[in-house]
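What follows is a short report on a single structure.
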Amino acid sequence: MTTKPVHASPGEGQEPDWDRLVQAARDASQRAHAPYSRFPVGAALLGASGKVYTGCNVENVSFSLTVCAERTAVFKAVSEGEREFRALVVYSRTGATPCGACRQVLREFCKDLPVLVVSAAGERRLYSLAELFPAAFAPKDLPDPKKAGEALAGP
């Protein structure tokens, strides 16, 4: 089955088409592989280009190998050359927020990002990534790579 990419291209400062992103995330959740948790999750990540990258959770019997919907969407986007994002929608039965690992991956590419979580009952809660992950470990927390050799060399 061939699917067309979903586009929802707001300009800088323009509100994303939330309904379209919610539908894309809901559709992605239906493709989840969640035989162990029975908790399908879908995500729709809006790139700065206007392209929407979807993802679903993919569970594995070795639980630590499971990948969340949000990270699937980010990895798809990055693998296709997108590095800047405008919005994220996460759809699940309960309206769960992204886990810590997903928040860390999102923070790698965005200092802040509107994150809309949506439940199967239609409840919507809008957060910012900064609100969800206020004291994030970020690239600024690493030593300057140009000076890293100096630190290793010692006195």
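A note on labels: chains of the structure tokens are A, B, ... as shown, every chain counts residues from 1, and ligands are counted from 1 in their shown order.
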
Neighbours of Glu80 of chain A within 12 Å (only C-alpha atoms; same-chain residues fewer than 3 positions away dropped), as a PDB file with C-alpha atoms, in the first residue's frame?
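Now in part.pdb:
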```pdb
ATOM      1  CA  GLY A  47       9.180  19.496  10.305  1.00  0.00           C
ATOM      2  CA  SER A  49       9.846  22.057   5.827  1.00  0.00           C
ATOM      3  CA  LYS A  51       6.437  17.675   6.006  1.00  0.00           C
ATOM      4  CA  VAL A  52       4.874  15.509   8.713  1.00  0.00           C
ATOM      5  CA  TYR A  53       6.767  12.459   9.920  1.00  0.00           C
ATOM      6  CA  ALA A  73       9.027   9.880  14.096  1.00  0.00           C
ATOM      7  CA  VAL A  74      12.221  11.782  14.989  1.00  0.00           C
ATOM      8  CA  PHE A  75      14.480   9.082  13.555  1.00  0.00           C
ATOM      9  CA  LYS A  76      12.458   8.976  10.322  1.00  0.00           C
ATOM     10  CA  ALA A  77      12.692  12.754  10.003  1.00  0.00           C
ATOM     11  CA  ARG A  83      16.597  18.650  11.642  1.00  0.00           C
ATOM     12  CA  GLU A  84      14.194  21.437  12.683  1.00  0.00           C
TER      13      GLU A  84
END
```

Item to check | Point-to-point distance from atom CA of Asp19 of chain A to atom CA of Ala32 of chain A, Å rounded to tenths | outcome: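 A separation of 20.4 Å between them.
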
What lies within 10 Å of segment 103-108 of chain A using only C-alpha atoms, ignoring chain neighbours under 2 positions off, as a tab-separated table (two decimals) with N, CA and C atoms, in the first residue's frame?
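Result written to selection_19.tsv:
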```
chain	number	residue	atom	x	y	z
A	70	GLU	N	7.30	8.49	19.36
A	70	GLU	CA	7.93	9.80	19.20
A	70	GLU	C	9.34	9.66	18.61
A	71	ARG	N	10.11	8.71	19.15
A	71	ARG	CA	11.47	8.50	18.63
A	71	ARG	C	11.43	7.96	17.22
A	74	VAL	N	10.99	10.98	15.05
A	74	VAL	CA	12.22	11.78	14.99
A	74	VAL	C	13.26	11.09	14.12
A	75	PHE	N	13.46	9.80	14.32
A	75	PHE	CA	14.48	9.08	13.56
A	75	PHE	C	14.14	9.07	12.07
A	83	ARG	N	15.94	18.45	10.35
A	83	ARG	CA	16.60	18.65	11.64
A	83	ARG	C	15.91	19.71	12.50
A	85	PHE	N	12.08	21.28	13.85
A	85	PHE	CA	10.70	20.84	14.01
A	85	PHE	C	9.84	21.95	14.58
A	88	LEU	N	4.66	18.66	17.67
A	88	LEU	CA	4.54	17.21	17.84
A	88	LEU	C	3.17	16.91	18.43
A	97	THR	N	1.96	11.52	28.05
A	97	THR	CA	3.01	12.41	27.56
A	97	THR	C	4.23	11.57	27.15
A	98	PRO	N	5.14	12.15	26.37
A	98	PRO	CA	6.34	11.41	25.97
A	98	PRO	C	7.17	10.98	27.19
A	99	CYS	N	7.81	9.82	27.08
A	99	CYS	CA	8.67	9.33	28.16
A	99	CYS	C	9.96	10.16	28.21
A	100	GLY	N	10.76	9.91	29.21
A	100	GLY	CA	12.01	10.65	29.37
A	100	GLY	C	12.97	10.48	28.21
A	101	ALA	N	13.09	9.26	27.70
A	101	ALA	CA	13.99	9.03	26.56
A	101	ALA	C	13.55	9.83	25.34
A	110	CYS	N	15.52	20.33	19.46
A	110	CYS	CA	14.66	21.49	19.75
A	110	CYS	C	14.88	21.97	21.17
A	111	LYS	N	15.14	23.26	21.33
A	111	LYS	CA	15.17	23.81	22.68
A	111	LYS	C	13.76	23.82	23.24
A	112	ASP	N	12.81	24.07	22.36
A	112	ASP	CA	11.41	24.06	22.76
A	112	ASP	C	10.57	23.64	21.56
A	113	LEU	N	9.40	23.13	21.84
A	113	LEU	CA	8.53	22.60	20.81
A	113	LEU	C	7.14	22.45	21.41
A	129	LEU	N	7.91	21.58	25.14
A	129	LEU	CA	8.96	20.64	25.50
A	129	LEU	C	9.71	21.15	26.73
A	130	ALA	N	9.93	22.45	26.80
A	130	ALA	CA	10.62	23.04	27.96
A	130	ALA	C	9.84	22.80	29.25
A	132	LEU	N	7.79	20.18	29.75
A	132	LEU	CA	7.87	18.75	30.03
A	132	LEU	C	9.26	18.31	30.49
A	133	PHE	N	10.28	19.06	30.09
A	133	PHE	CA	11.67	18.66	30.34
A	133	PHE	C	12.49	19.89	30.73
A	136	ALA	N	16.74	19.81	31.10
A	136	ALA	CA	17.25	18.82	30.14
A	136	ALA	C	18.77	18.86	30.03
A	137	PHE	N	19.34	17.69	29.83
A	137	PHE	CA	20.75	17.57	29.47
A	137	PHE	C	20.83	17.98	28.01
A	138	ALA	N	21.66	18.97	27.70
A	138	ALA	CA	21.69	19.53	26.35
A	138	ALA	C	23.12	19.65	25.86
A	139	PRO	N	23.30	19.86	24.57
A	139	PRO	CA	24.65	19.99	24.02
A	139	PRO	C	25.51	21.02	24.77
```

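Backbone DSSP over segment 3-59 of chain A gives alpha helix (DSSP H) for Trp18, Asp19, Arg20, Leu21, Val22, Gln23, Ala24, Ala25, Arg26, Asp27, Ala28 and Ser29 of chain A.
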
Next on the checklist: Could you list, as JSON, numbers by chain, every residue within 12 Å of Pro40 of chain A, counting only C-alpha atoms and ignoring same-chain residues fewer than 4 positions away?
Outcome noted: {"A": [25, 26, 27, 28, 29, 30, 31, 32, 33, 34, 35, 36, 55, 56, 57, 58, 59, 67, 68, 69, 70, 90, 91, 92, 93, 94, 95, 96, 119, 120]}

Checklist entry - Between A:Val22, A:Ala87, A:Leu142, A:Ala135, which is the closest to Ala48 of chain A once you count only C-alpha atoms? => result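 With only C-alpha atoms as the atom set, the closest residue is A:Ala87.
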
Checklist entry - Got a sec to tell me which of segment 11-148 of chain A DSSP assigns to strand (DSSP E), as a ChimeraX atom specification? => result /A:41-47,52-56,85-92,114-119,124-128

Once you have the residues from the selection above, write them out as a compact mmCIF listing (two decimals), in the first residue's frame, restricted to C-alpha atoms.
```
# COMPACT_ATOMS: atom_id res chain seq x y z
CA VAL A 41 0.85 5.06 20.50
CA GLY A 42 1.12 7.24 17.42
CA ALA A 43 3.09 10.42 16.84
CA ALA A 44 3.10 13.10 14.17
CA LEU A 45 6.11 15.42 14.03
CA LEU A 46 5.88 18.57 11.92
CA GLY A 47 9.18 19.50 10.30
CA VAL A 52 4.87 15.51 8.71
CA TYR A 53 6.77 12.46 9.92
CA THR A 54 4.69 9.82 11.66
CA GLY A 55 5.77 7.10 14.02
CA CYS A 56 4.29 4.32 16.10
CA PHE A 85 10.70 20.84 14.01
CA ARG A 86 7.61 22.97 14.62
CA ALA A 87 5.17 20.71 16.53
CA LEU A 88 4.54 17.21 17.84
CA VAL A 89 1.29 15.35 18.46
CA VAL A 90 1.23 12.17 20.54
CA TYR A 91 -1.93 10.05 20.42
CA SER A 92 -2.71 7.23 22.84
CA PRO A 114 4.75 22.60 21.25
CA VAL A 115 3.67 19.06 22.23
CA LEU A 116 -0.02 18.20 22.02
CA VAL A 117 -1.07 14.97 23.72
CA VAL A 118 -4.41 13.53 22.72
CA SER A 119 -6.46 10.71 24.25
CA ARG A 124 -6.21 17.45 24.31
CA ARG A 125 -3.46 18.90 26.48
CA LEU A 126 -0.86 21.26 25.04
CA TYR A 127 2.59 21.48 26.61
CA SER A 128 5.92 22.90 25.60
```
